[in-house]
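Containing compact mmCIF, C-alpha atoms: my_file-v2.txt.
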```
# COMPACT_ATOMS: atom_id res chain seq x y z
CA LYS A 260 84.88 -121.47 72.83
CA TYR A 261 82.63 -122.02 75.82
CA VAL A 262 79.42 -121.43 73.87
CA TRP A 263 80.13 -123.31 70.65
CA TRP A 264 78.02 -126.12 72.05
CA LEU A 265 75.02 -123.90 71.29
CA LEU A 266 75.44 -124.47 67.55
CA PRO A 267 75.01 -128.26 67.58
CA LEU A 268 72.33 -127.82 70.21
CA SER A 269 70.45 -125.53 67.81
CA VAL A 270 70.63 -128.16 65.09
CA LEU A 271 69.43 -130.73 67.59
CA ALA A 272 66.51 -128.45 68.50
CA VAL A 273 65.40 -128.47 64.86
CA VAL A 274 65.69 -132.26 64.71
CA LEU A 275 63.73 -132.67 67.95
CA SER A 276 60.94 -130.33 66.87
CA TRP A 277 60.74 -132.15 63.55
CA GLY A 278 60.77 -135.50 65.32
CA SER A 279 57.91 -134.41 67.58
CA ASN A 280 55.59 -135.20 64.69
CA PHE A 281 56.36 -138.89 65.20
CA SER A 282 54.89 -140.28 68.40
CA SER A 283 57.44 -143.04 69.05
CA PHE A 284 60.39 -140.64 68.60
CA ASN A 285 58.66 -138.02 70.74
CA TYR A 286 57.98 -140.39 73.63
CA LEU A 287 61.59 -141.62 73.54
CA VAL A 288 63.26 -138.21 73.80
CA PHE A 289 60.57 -136.85 76.16
CA ASP A 290 61.58 -139.38 78.80
CA TYR A 291 65.34 -139.51 78.23
CA PHE A 292 66.59 -136.26 76.67
CA PRO A 293 67.48 -133.66 79.36
CA GLY A 294 65.24 -130.60 79.35
CA TYR A 295 63.06 -131.82 76.47
CA ASN A 296 59.97 -132.11 78.67
CA LYS A 297 60.37 -128.59 80.07
CA PHE A 298 58.99 -126.83 76.98
CA ARG A 299 55.33 -125.85 76.74
CA SER A 300 55.36 -127.64 73.40
CA VAL A 301 58.28 -129.64 72.10
CA THR A 302 58.38 -127.50 68.95
CA PHE A 303 59.30 -124.62 71.26
CA ALA A 304 62.76 -126.19 71.41
CA LEU A 305 63.36 -124.02 68.32
CA ILE A 306 63.82 -121.11 70.73
CA ILE A 307 67.30 -122.56 71.38
CA MET A 308 68.21 -121.80 67.78
CA LEU A 309 66.70 -118.31 67.91
CA PHE A 310 68.86 -117.59 70.95
CA ALA A 311 72.03 -119.37 69.84
CA MET A 312 72.44 -118.00 66.30
CA PRO A 313 72.45 -114.25 67.19
CA LEU A 314 74.65 -114.94 70.23
CA LEU A 315 77.22 -116.82 68.15
CA GLY A 316 77.13 -114.07 65.54
CA MET A 317 77.88 -111.38 68.10
CA LEU A 318 80.65 -113.46 69.67
CA GLY A 319 82.18 -113.98 66.23
CA LEU A 320 82.00 -110.24 65.55
CA GLU A 321 83.70 -109.51 68.87
CA LYS A 322 86.49 -111.96 68.07
CA LEU A 323 86.90 -110.43 64.60
CA PHE A 324 87.36 -106.96 66.08
CA ASP A 325 89.88 -108.27 68.62
CA GLN A 326 91.90 -110.19 66.04
CA GLY A 327 91.70 -107.62 63.27
CA ILE A 328 91.21 -107.96 59.51
CA ASP A 329 93.90 -109.95 57.70
CA LYS A 330 94.06 -112.35 54.75
CA GLU A 331 92.84 -115.29 56.79
CA THR A 332 89.83 -113.47 58.27
CA LYS A 333 88.99 -111.98 54.87
CA LYS A 334 88.91 -115.48 53.44
CA LYS A 335 86.58 -116.62 56.21
CA LEU A 336 84.38 -113.57 55.68
CA LEU A 337 84.17 -114.36 51.98
CA ILE A 338 83.15 -117.96 52.71
CA ALA A 339 80.53 -116.81 55.23
CA PHE A 340 79.13 -114.25 52.78
CA SER A 341 79.05 -116.78 49.94
CA ALA A 342 77.21 -119.33 52.10
CA THR A 343 74.59 -117.02 53.63
CA GLY A 344 74.21 -114.50 50.80
CA GLY A 345 74.33 -117.28 48.22
CA LEU A 346 71.53 -119.12 50.00
CA CYS A 347 69.37 -115.99 49.91
CA LEU A 348 70.04 -115.51 46.19
CA LEU A 349 69.33 -119.19 45.53
CA ILE A 350 65.96 -118.89 47.27
CA LEU A 351 65.23 -115.70 45.33
CA VAL A 352 65.99 -117.34 41.98
CA THR A 353 64.28 -120.68 42.62
CA SER A 354 61.23 -119.38 44.49
CA GLY A 355 59.01 -120.17 41.51
CA MET A 356 59.73 -123.89 41.89
CA PHE A 357 57.88 -124.28 45.20
CA SER A 358 54.20 -125.21 45.44
CA PHE A 359 53.41 -122.81 48.34
CA MET A 360 50.41 -124.95 49.28
CA ARG A 361 49.71 -126.76 52.52
CA GLU A 362 48.04 -130.08 53.03
CA GLY A 363 44.29 -129.68 52.88
CA GLU A 364 44.32 -126.52 50.73
CA SER A 365 44.00 -128.32 47.42
CA GLY A 366 40.21 -128.21 47.64
CA LEU A 367 40.08 -124.41 47.67
CA PRO A 368 38.83 -122.53 44.57
CA ALA A 369 41.42 -122.08 41.80
CA TRP A 370 41.23 -118.27 41.86
CA PHE A 371 41.96 -118.30 45.58
CA THR A 372 44.87 -120.77 45.44
CA ASP A 373 46.46 -118.79 42.58
CA ALA A 374 46.32 -115.60 44.65
CA LEU A 375 47.58 -117.49 47.71
CA ARG A 376 50.58 -118.87 45.83
CA ALA A 377 51.42 -115.44 44.43
CA ASP A 378 51.19 -113.84 47.86
CA ARG A 379 53.38 -116.44 49.53
CA ARG A 380 55.91 -116.36 46.66
CA SER A 381 56.11 -112.58 46.99
CA LEU A 382 56.72 -112.83 50.74
CA LEU A 383 59.51 -115.37 50.24
CA ARG A 384 61.24 -113.25 47.60
CA ALA A 385 60.94 -110.11 49.69
CA ASP A 386 62.44 -111.88 52.72
CA ALA A 387 65.29 -113.34 50.66
CA LEU A 388 66.09 -109.95 49.09
CA ARG A 389 65.95 -108.12 52.42
CA SER A 390 68.20 -110.69 54.09
CA PHE A 391 70.69 -110.55 51.23
CA SER A 392 70.79 -106.75 51.44
CA PHE A 393 71.58 -106.81 55.15
CA ILE A 394 74.22 -109.54 54.74
CA ALA A 395 75.87 -107.71 51.82
CA ALA A 396 75.99 -104.40 53.70
CA ALA A 397 77.55 -106.02 56.78
CA PHE A 398 80.06 -107.89 54.60
CA ILE A 399 81.15 -104.71 52.81
CA PHE A 400 81.64 -102.89 56.12
CA LEU A 401 83.79 -105.69 57.52
CA TYR A 402 85.70 -106.83 54.42
CA PHE A 403 86.88 -103.36 53.46
CA ASN A 404 87.54 -102.25 57.05
CA LEU A 405 85.01 -99.44 56.78
CA TYR A 406 84.07 -99.91 60.43
CA LYS A 407 87.52 -98.63 61.49
CA LYS A 408 86.78 -95.23 60.00
CA ALA A 409 83.41 -94.99 61.67
CA THR A 410 83.15 -97.47 64.52
CA ALA A 411 80.14 -95.75 66.05
CA GLY A 412 78.55 -95.55 62.61
CA PHE A 413 79.05 -99.28 62.03
CA PHE A 414 77.28 -100.21 65.26
CA ALA A 415 74.54 -97.69 64.53
CA ALA A 416 74.07 -99.29 61.11
CA LEU A 417 74.03 -102.76 62.69
CA ILE A 418 71.35 -101.69 65.18
CA PHE A 419 69.39 -100.12 62.34
CA PHE A 420 69.50 -103.33 60.26
CA ILE A 421 68.37 -105.46 63.18
CA ALA A 422 65.57 -103.04 64.10
CA VAL A 423 64.28 -102.86 60.51
CA ASP A 424 64.39 -106.64 60.18
CA LEU A 425 62.46 -107.13 63.41
CA ILE A 426 59.89 -104.44 62.65
CA VAL A 427 59.16 -105.69 59.14
CA VAL A 428 58.64 -109.28 60.27
CA ASP A 429 56.87 -108.50 63.56
CA ARG A 430 54.31 -106.28 61.85
CA ARG A 431 52.97 -109.35 60.09
CA TYR A 432 51.82 -110.65 63.46
CA LEU A 433 51.38 -107.44 65.48
CA THR A 434 49.16 -105.13 63.45
CA LYS A 435 47.48 -101.90 64.48
CA ASN A 436 44.57 -103.94 65.80
CA ASN A 437 46.85 -105.28 68.54
CA TYR A 438 47.35 -101.77 69.89
CA GLN A 439 43.69 -100.90 70.31
CA SER A 440 41.93 -100.99 73.65
CA LYS A 441 40.44 -104.37 74.36
CA ARG A 442 36.71 -104.60 74.48
CA LYS A 443 35.06 -106.72 77.12
CA ASN A 444 33.83 -109.93 75.57
CA ASN A 445 30.40 -110.49 77.08
CA ILE A 446 29.71 -114.19 76.77
CA GLU A 447 26.02 -114.84 76.50
CA MET A 448 24.58 -116.62 79.50
CA SER A 449 22.90 -119.90 78.59
CA PRO A 450 19.64 -121.14 80.19
CA ALA A 451 21.73 -123.74 82.04
CA ASP A 452 23.98 -120.99 83.44
CA LYS A 453 20.98 -118.96 84.59
CA GLN A 454 19.48 -121.91 86.39
CA VAL A 455 22.67 -122.84 88.25
CA LEU A 456 23.52 -119.23 89.17
CA GLN A 457 20.42 -119.15 91.36
CA ASP A 458 22.50 -121.19 93.79
CA LYS A 459 24.49 -118.62 95.79
CA ASP A 460 26.57 -121.22 97.64
CA TYR A 461 30.14 -122.23 96.79
CA TYR A 462 30.12 -125.13 94.33
CA ARG A 463 31.71 -126.43 91.14
CA VAL A 464 30.34 -127.38 87.75
CA LEU A 465 31.43 -130.32 85.62
CA ASN A 466 30.79 -129.74 81.92
CA LEU A 467 30.73 -133.03 80.01
CA SER A 468 31.23 -131.15 76.73
CA GLY A 469 35.03 -131.24 76.58
CA LEU A 470 35.88 -131.25 80.27
CA MET A 471 39.61 -130.46 80.00
CA ALA A 472 39.32 -128.42 76.79
CA ASP A 473 36.43 -126.15 77.77
CA ALA A 474 37.10 -122.63 79.01
CA LEU A 475 33.60 -121.09 78.76
CA THR A 476 32.23 -122.80 81.89
CA SER A 477 34.70 -120.88 84.06
CA TYR A 478 33.27 -117.56 82.89
CA TYR A 479 30.26 -117.90 85.20
CA HIS A 480 31.11 -120.86 87.45
CA ASN A 481 33.87 -122.55 89.39
CA SER A 482 34.69 -125.40 87.04
CA VAL A 483 36.03 -128.88 87.72
CA GLY A 484 37.72 -128.85 84.32
CA GLY A 485 38.77 -126.02 82.05
CA TYR A 486 41.56 -125.45 79.56
CA HIS A 487 45.03 -124.23 80.41
CA GLY A 488 48.22 -124.57 78.42
CA ALA A 489 50.22 -125.68 81.47
CA LYS A 490 48.09 -127.98 83.58
CA LEU A 491 48.91 -129.03 87.12
CA LYS A 492 50.44 -132.47 86.71
CA ARG A 493 48.75 -133.87 89.82
CA TYR A 494 45.35 -132.72 88.68
CA GLN A 495 45.97 -134.21 85.24
CA ASP A 496 46.94 -137.48 86.95
CA LEU A 497 43.70 -137.36 88.93
CA TYR A 498 41.71 -136.82 85.76
CA ASP A 499 43.43 -139.60 83.82
CA SER A 500 43.24 -142.13 86.66
CA CYS A 501 39.97 -141.29 88.39
CA ILE A 502 37.72 -138.56 87.00
CA TYR A 503 37.69 -139.97 83.47
CA PHE A 504 36.38 -143.34 84.65
CA GLU A 505 33.88 -141.81 87.05
CA ILE A 506 32.42 -139.75 84.20
CA ASP A 507 32.01 -142.95 82.18
CA ARG A 508 30.14 -144.56 85.07
CA LEU A 509 27.97 -141.48 85.50
CA ILE A 510 27.06 -141.35 81.81
CA GLU A 511 26.28 -145.07 81.77
CA SER A 512 23.94 -144.80 84.77
CA ALA A 513 22.33 -141.61 83.40
CA GLN A 514 21.55 -143.35 80.11
CA LYS A 515 19.64 -145.94 82.11
CA GLY A 516 17.56 -143.13 83.62
CA ASP A 517 19.06 -143.21 87.13
CA PRO A 518 22.27 -141.13 87.50
CA ASP A 519 24.40 -142.67 90.25
CA PHE A 520 26.18 -139.83 92.05
CA GLU A 521 26.86 -141.74 95.24
CA ASN A 522 29.57 -143.91 93.67
CA LEU A 523 31.73 -140.98 92.54
CA PRO A 524 34.24 -140.37 95.35
CA VAL A 525 36.57 -138.07 93.39
CA ILE A 526 33.90 -136.01 91.64
CA ASN A 527 32.12 -135.59 94.98
CA MET A 528 35.27 -134.53 96.84
CA LEU A 529 35.77 -131.79 94.23
CA ASN A 530 32.45 -130.29 95.39
CA THR A 531 30.80 -130.97 92.02
CA ARG A 532 27.20 -129.94 92.59
CA TYR A 533 26.09 -129.55 88.97
CA ILE A 534 26.78 -131.48 85.77
CA PHE A 535 26.20 -129.88 82.37
CA TYR A 536 25.56 -131.99 79.29
CA GLY A 537 24.15 -129.16 77.21
CA GLN A 538 23.15 -125.49 77.39
CA ASN A 539 19.43 -125.80 78.17
CA ARG A 540 17.81 -125.96 81.59
CA ALA A 541 16.93 -129.59 81.00
CA ASN A 542 20.62 -130.36 80.44
CA VAL A 543 21.63 -129.80 84.08
CA LEU A 544 21.98 -132.57 86.65
CA ARG A 545 22.01 -131.73 90.35
CA ASN A 546 24.41 -133.79 92.45
CA ARG A 547 23.17 -133.96 96.03
CA TYR A 548 26.10 -136.16 97.09
CA ALA A 549 28.79 -133.49 96.61
CA ASN A 550 30.99 -133.32 99.71
CA GLY A 551 30.82 -129.54 100.01
CA SER A 552 33.65 -127.07 100.50
CA ALA A 553 35.06 -128.88 103.57
CA TRP A 554 34.24 -131.85 105.82
CA PHE A 555 35.51 -133.98 108.70
CA VAL A 556 36.47 -137.60 108.03
CA ASN A 557 36.23 -140.66 110.29
CA GLU A 558 39.29 -142.51 109.02
CA LEU A 559 42.73 -141.63 107.74
CA ARG A 560 44.58 -144.16 105.57
CA VAL A 561 48.33 -143.79 105.11
CA VAL A 562 49.91 -145.28 101.98
CA PRO A 563 53.59 -145.72 101.00
CA SER A 564 53.66 -144.12 97.53
CA ALA A 565 51.99 -141.66 95.18
CA ASN A 566 50.68 -144.47 92.99
CA GLU A 567 49.06 -146.16 95.99
CA GLU A 568 47.56 -142.82 97.03
CA LEU A 569 46.04 -142.27 93.60
CA ARG A 570 44.73 -145.85 93.49
CA ALA A 571 43.19 -145.56 96.97
CA VAL A 572 41.44 -142.25 96.19
CA ALA A 573 39.31 -144.00 93.56
CA GLN A 574 38.23 -146.67 96.07
CA ILE A 575 37.47 -144.85 99.33
CA ASP A 576 34.29 -143.20 100.48
CA SER A 577 35.67 -139.67 100.34
CA LYS A 578 32.97 -138.37 102.70
CA ILE A 579 34.29 -140.35 105.66
CA GLN A 580 37.77 -141.49 104.57
CA ALA A 581 40.94 -139.72 103.50
CA VAL A 582 44.27 -140.91 102.09
CA ILE A 583 47.71 -139.40 102.74
CA ASN A 584 51.12 -140.38 101.35
CA GLY A 585 53.18 -141.33 104.41
CA THR A 586 56.50 -140.80 102.60
CA GLU A 587 55.81 -137.08 102.25
CA PHE A 588 53.84 -136.30 105.42
CA SER A 589 54.57 -137.57 108.91
CA VAL A 590 51.19 -138.93 109.97
CA GLN A 591 49.84 -142.20 111.35
CA PRO A 592 46.73 -144.15 110.29
CA SER A 593 43.93 -142.96 112.55
CA THR A 594 40.25 -143.18 113.30
CA PHE A 595 38.43 -140.15 114.62
CA GLU A 596 35.46 -139.70 116.90
CA ARG A 597 33.23 -137.74 114.60
CA ASP A 598 30.14 -136.27 116.17
CA SER A 599 27.08 -136.37 113.93
CA ALA A 600 26.61 -132.64 114.59
CA ALA A 601 30.19 -131.74 113.67
CA SER A 602 30.41 -129.15 110.92
CA ILE A 603 32.85 -127.00 109.02
CA LEU A 604 31.55 -124.10 106.95
CA LEU A 605 33.20 -121.79 104.44
CA VAL A 606 32.37 -118.22 105.46
CA THR A 607 34.83 -116.17 103.35
CA HIS A 608 36.19 -117.12 99.95
CA LYS A 609 38.77 -115.06 98.04
CA PRO A 610 41.53 -116.13 95.66
CA ASN A 611 44.17 -115.67 98.36
CA TYR A 612 42.15 -115.93 101.57
CA MET A 613 39.68 -118.50 102.87
CA LYS A 614 38.02 -118.55 106.26
CA TYR A 615 36.14 -121.48 107.80
CA GLU A 616 34.16 -121.92 111.01
CA THR A 617 34.16 -125.33 112.65
CA SER A 618 32.15 -127.04 115.35
CA ASN A 619 33.44 -130.39 116.60
CA PRO A 620 33.70 -131.53 120.25
CA ALA A 621 36.62 -133.85 119.41
CA ASN A 622 39.89 -133.62 117.49
CA GLY A 623 39.42 -134.31 113.80
CA LEU A 624 40.94 -134.22 110.33
CA ALA A 625 39.31 -131.64 108.08
CA VAL A 626 39.58 -132.07 104.31
CA PHE A 627 39.12 -129.00 102.11
CA SER A 628 37.93 -129.13 98.52
CA GLU A 629 40.81 -126.93 97.38
CA ILE A 630 43.96 -127.86 95.46
CA TYR A 631 46.98 -128.39 97.70
CA TYR A 632 49.59 -125.79 96.82
CA PRO A 633 51.66 -124.87 99.88
CA LYS A 634 53.76 -122.07 98.37
CA GLY A 635 52.43 -118.80 99.73
CA TRP A 636 49.65 -120.38 101.77
CA VAL A 637 49.60 -120.30 105.59
CA ALA A 638 46.94 -122.00 107.71
CA THR A 639 46.02 -120.80 111.20
CA ILE A 640 43.54 -122.19 113.72
CA ASP A 641 42.43 -119.57 116.25
CA GLY A 642 45.50 -117.55 115.26
CA THR A 643 47.98 -120.42 115.69
CA GLU A 644 49.78 -121.62 112.57
CA THR A 645 49.32 -125.28 111.70
CA PRO A 646 50.85 -127.46 108.94
CA ILE A 647 48.88 -127.96 105.74
CA LEU A 648 48.64 -131.59 104.70
CA ARG A 649 47.89 -133.01 101.29
CA ALA A 650 45.05 -135.50 101.29
CA ASN A 651 43.41 -137.52 98.52
CA TYR A 652 46.32 -136.79 96.16
CA VAL A 653 45.33 -133.18 95.40
CA LEU A 654 43.36 -131.65 98.30
CA ARG A 655 44.30 -129.75 101.47
CA ALA A 656 43.78 -131.10 104.95
CA LEU A 657 44.31 -129.85 108.51
CA ASN A 658 44.35 -131.44 111.94
CA VAL A 659 41.71 -129.46 113.82
```

Please go through the file and, once you have read it, give me the structure as structure tokens.
Amino acid sequence: KYVWWLLPLSVLAVVLSWGSNFSSFNYLVFDYFPGYNKFRSVTFALIIMLFAMPLLGMLGLEKLFDQGIDKETKKKLLIAFSATGGLCLLILVTSGMFSFMREGESGLPAWFTDALRADRRSLLRADALRSFSFIAAAFIFLYFNLYKKATAGFFAALIFFIAVDLIVVDRRYLTKNNYQSKRKNNIEMSPADKQVLQDKDYYRVLNLSGLMADALTSYYHNSVGGYHGAKLKRYQDLYDSCIYFEIDRLIESAQKGDPDFENLPVINMLNTRYIFYGQNRANVLRNRYANGSAWFVNELRVVPSANEELRAVAQIDSKIQAVINGTEFSVQPSTFERDSAASILLVTHKPNYMKYETSNPANGLAVFSEIYYPKGWVATIDGTETPILRANYVLRALNV
């Protein structure tokens, strides 16, 4: 009785995944329905049904064994068999009534669509017949108490049915090609890649050709953008609120023949040294205003909220100013004596280890062009651990 809520929840999962096709409905439940925004895609809510149905079936089977077979349970078994087995037979008989065509396939050649319909109709009938066979076998075992004579045999048969069902369906998606050794996919290096790779320093590349949907740039370079199914929310906020508009300004100035890199505080703080707008050597812009891998700032601004922090990042001169959310980090607005010869250099760079060397006669705030993610990271200065701050909404910072 404690898991019967899974059944209506499964139905709701189907409704939600169907409703995700309508933007107004989707936005409504995304903000107000608990757990709806935790799925990679809202259609993945269907996994609730895939989990709930087998679980409820096994719980029902357990209860049936505990209660025993009598007239009442036989009646319920008959109803269950009629509903599920009858549905399979109905699909089997009426399968010829469906079109088996998707939107956009009507323009395909007639010989191809005929074969496609026949193939899909055959798959539907085969699935309906297989499901009916399994349901009928399980019903016969239970209705006529055959499981009592061979309890171990009944469970062995049940395991066999489930295994066959899974194997038959899964082999449609996992073929023998999925079990072959993967071959390394050598992506051809473009003239633009070759030109930029001459730079042996640590830098990032911004590819204007689908910034947040492009994965190829990361094959040879550290990329400002790149595709990932589960993006960091803060970085997505930064893109939507800052980077997107800075790219527009950059493109507008470049079309006038004079790319303005100086007025790009966020792109510069991400150490964006090169901009691609094509694959040829001539399609590479060099940004000499990139902040580098780390730098000291002259001024620290403290703001009262995340929104204010994001708004301020787009307005500051990121080379000499930094912004920190005072509600999350205990800091005070400050100005620093920054010597013109002060420097901070990246000397070792690994995915889980970064080493810098600094030279500054006074205390200062160092900002690092790396995403702030404190879990697992520890910062030490001359062997002494020091707190990692988050500056400019997404970056790391240290008091040095």

For a test of reading the model, state the distance in Å between atom CA of A:Leu336 and atom CA of A:Asn404, rounded to one decimal.
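Between atom CA of A:Leu336 and atom CA of A:Asn404 the gap works out to 11.8 Å.
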
Could you state the separation of atom CA of A:Arg649 and atom CA of A:Pro293 in Å, given to one decimal place?
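Atom CA of A:Pro293 lies at a distance of 29.4 Å from atom CA of A:Arg649.
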
Which neighbours of stretch 380-388 of chain A fall inside 12 Å, counting all atoms listed in the file, when residues of the same chain fewer than 2 positions from it are skipped, and could you give them as a PyMOL selection string?
chain A and resi 343-360+372-378+390-395+424-425+427-428+431

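Distance-wise, atom CA of A:Ala573 and atom CA of A:Thr586 end up 19.7 Å apart.
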
Go through stretch 541-572 of chain A residue by residue and, counting only C-alpha atoms, keep those with an atom at most 7 Å from stretch 588-600 of chain A; for each kept residue give the shortest atom pair and its distance in Å to one decimal, ordered by chain and increasing number, as JSON lines.
```
{"residue": "A:Asn557", "atom": "CA", "partner": "A:Phe595", "partner_atom": "CA", "distance": 4.9}
{"residue": "A:Glu558", "atom": "CA", "partner": "A:Thr594", "partner_atom": "CA", "distance": 4.4}
{"residue": "A:Leu559", "atom": "CA", "partner": "A:Ser593", "partner_atom": "CA", "distance": 5.1}
{"residue": "A:Arg560", "atom": "CA", "partner": "A:Pro592", "partner_atom": "CA", "distance": 5.2}
{"residue": "A:Val561", "atom": "CA", "partner": "A:Pro592", "partner_atom": "CA", "distance": 5.4}
```

For stretch 465-480 of chain A, supply N, CA, C and O atoms and format the output as a JSON list (two decimals), keeping the file's coordinate frame.
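Saved as part-v7.json:
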```
[["chain", "number", "residue", "atom", "x", "y", "z"],
["A", 465, "LEU", "N", 30.72, -129.42, 86.53],
["A", 465, "LEU", "CA", 31.43, -130.32, 85.62],
["A", 465, "LEU", "C", 30.70, -130.30, 84.29],
["A", 465, "LEU", "O", 29.52, -130.67, 84.22],
["A", 466, "ASN", "N", 31.39, -129.82, 83.26],
["A", 466, "ASN", "CA", 30.79, -129.74, 81.92],
["A", 466, "ASN", "C", 31.28, -130.93, 81.11],
["A", 466, "ASN", "O", 32.46, -131.05, 80.81],
["A", 467, "LEU", "N", 30.36, -131.82, 80.75],
["A", 467, "LEU", "CA", 30.73, -133.03, 80.01],
["A", 467, "LEU", "C", 31.14, -132.73, 78.58],
["A", 467, "LEU", "O", 31.69, -133.60, 77.89],
["A", 468, "SER", "N", 30.87, -131.52, 78.10],
["A", 468, "SER", "CA", 31.23, -131.15, 76.73],
["A", 468, "SER", "C", 32.68, -130.67, 76.68],
["A", 468, "SER", "O", 32.96, -129.47, 76.73],
["A", 469, "GLY", "N", 33.60, -131.59, 76.64],
["A", 469, "GLY", "CA", 35.03, -131.24, 76.58],
["A", 469, "GLY", "C", 35.55, -130.76, 77.90],
["A", 469, "GLY", "O", 35.97, -129.60, 78.04],
["A", 470, "LEU", "N", 35.55, -131.63, 78.90],
["A", 470, "LEU", "CA", 35.88, -131.25, 80.27],
["A", 470, "LEU", "C", 37.21, -130.51, 80.39],
["A", 470, "LEU", "O", 37.28, -129.43, 80.97],
["A", 471, "MET", "N", 38.29, -131.07, 79.84],
["A", 471, "MET", "CA", 39.61, -130.46, 80.00],
["A", 471, "MET", "C", 39.99, -129.56, 78.82],
["A", 471, "MET", "O", 41.13, -129.11, 78.73],
["A", 472, "ALA", "N", 39.04, -129.31, 77.93],
["A", 472, "ALA", "CA", 39.32, -128.42, 76.79],
["A", 472, "ALA", "C", 38.32, -127.27, 76.74],
["A", 472, "ALA", "O", 38.34, -126.47, 75.82],
["A", 473, "ASP", "N", 37.47, -127.18, 77.75],
["A", 473, "ASP", "CA", 36.43, -126.15, 77.77],
["A", 473, "ASP", "C", 36.82, -125.01, 78.70],
["A", 473, "ASP", "O", 37.20, -125.24, 79.84],
["A", 474, "ALA", "N", 36.76, -123.79, 78.19],
["A", 474, "ALA", "CA", 37.10, -122.63, 79.01],
["A", 474, "ALA", "C", 35.88, -121.76, 79.32],
["A", 474, "ALA", "O", 35.93, -120.91, 80.20],
["A", 475, "LEU", "N", 34.77, -121.96, 78.60],
["A", 475, "LEU", "CA", 33.60, -121.09, 78.76],
["A", 475, "LEU", "C", 32.92, -121.29, 80.11],
["A", 475, "LEU", "O", 32.37, -120.35, 80.68],
["A", 476, "THR", "N", 32.93, -122.53, 80.63],
["A", 476, "THR", "CA", 32.23, -122.80, 81.89],
["A", 476, "THR", "C", 32.78, -121.92, 83.01],
["A", 476, "THR", "O", 32.03, -121.46, 83.87],
["A", 477, "SER", "N", 34.07, -121.67, 82.99],
["A", 477, "SER", "CA", 34.70, -120.88, 84.06],
["A", 477, "SER", "C", 34.34, -119.41, 84.02],
["A", 477, "SER", "O", 34.69, -118.67, 84.94],
["A", 478, "TYR", "N", 33.65, -118.97, 82.97],
["A", 478, "TYR", "CA", 33.27, -117.56, 82.89],
["A", 478, "TYR", "C", 32.23, -117.22, 83.95],
["A", 478, "TYR", "O", 32.26, -116.13, 84.53],
["A", 479, "TYR", "N", 31.32, -118.15, 84.22],
["A", 479, "TYR", "CA", 30.26, -117.90, 85.20],
["A", 479, "TYR", "C", 30.35, -118.79, 86.43],
["A", 479, "TYR", "O", 29.72, -118.51, 87.45],
["A", 480, "HIS", "N", 31.12, -119.88, 86.36],
["A", 480, "HIS", "CA", 31.11, -120.86, 87.45],
["A", 480, "HIS", "C", 32.53, -121.27, 87.83],
["A", 480, "HIS", "O", 33.48, -121.09, 87.06]]
```
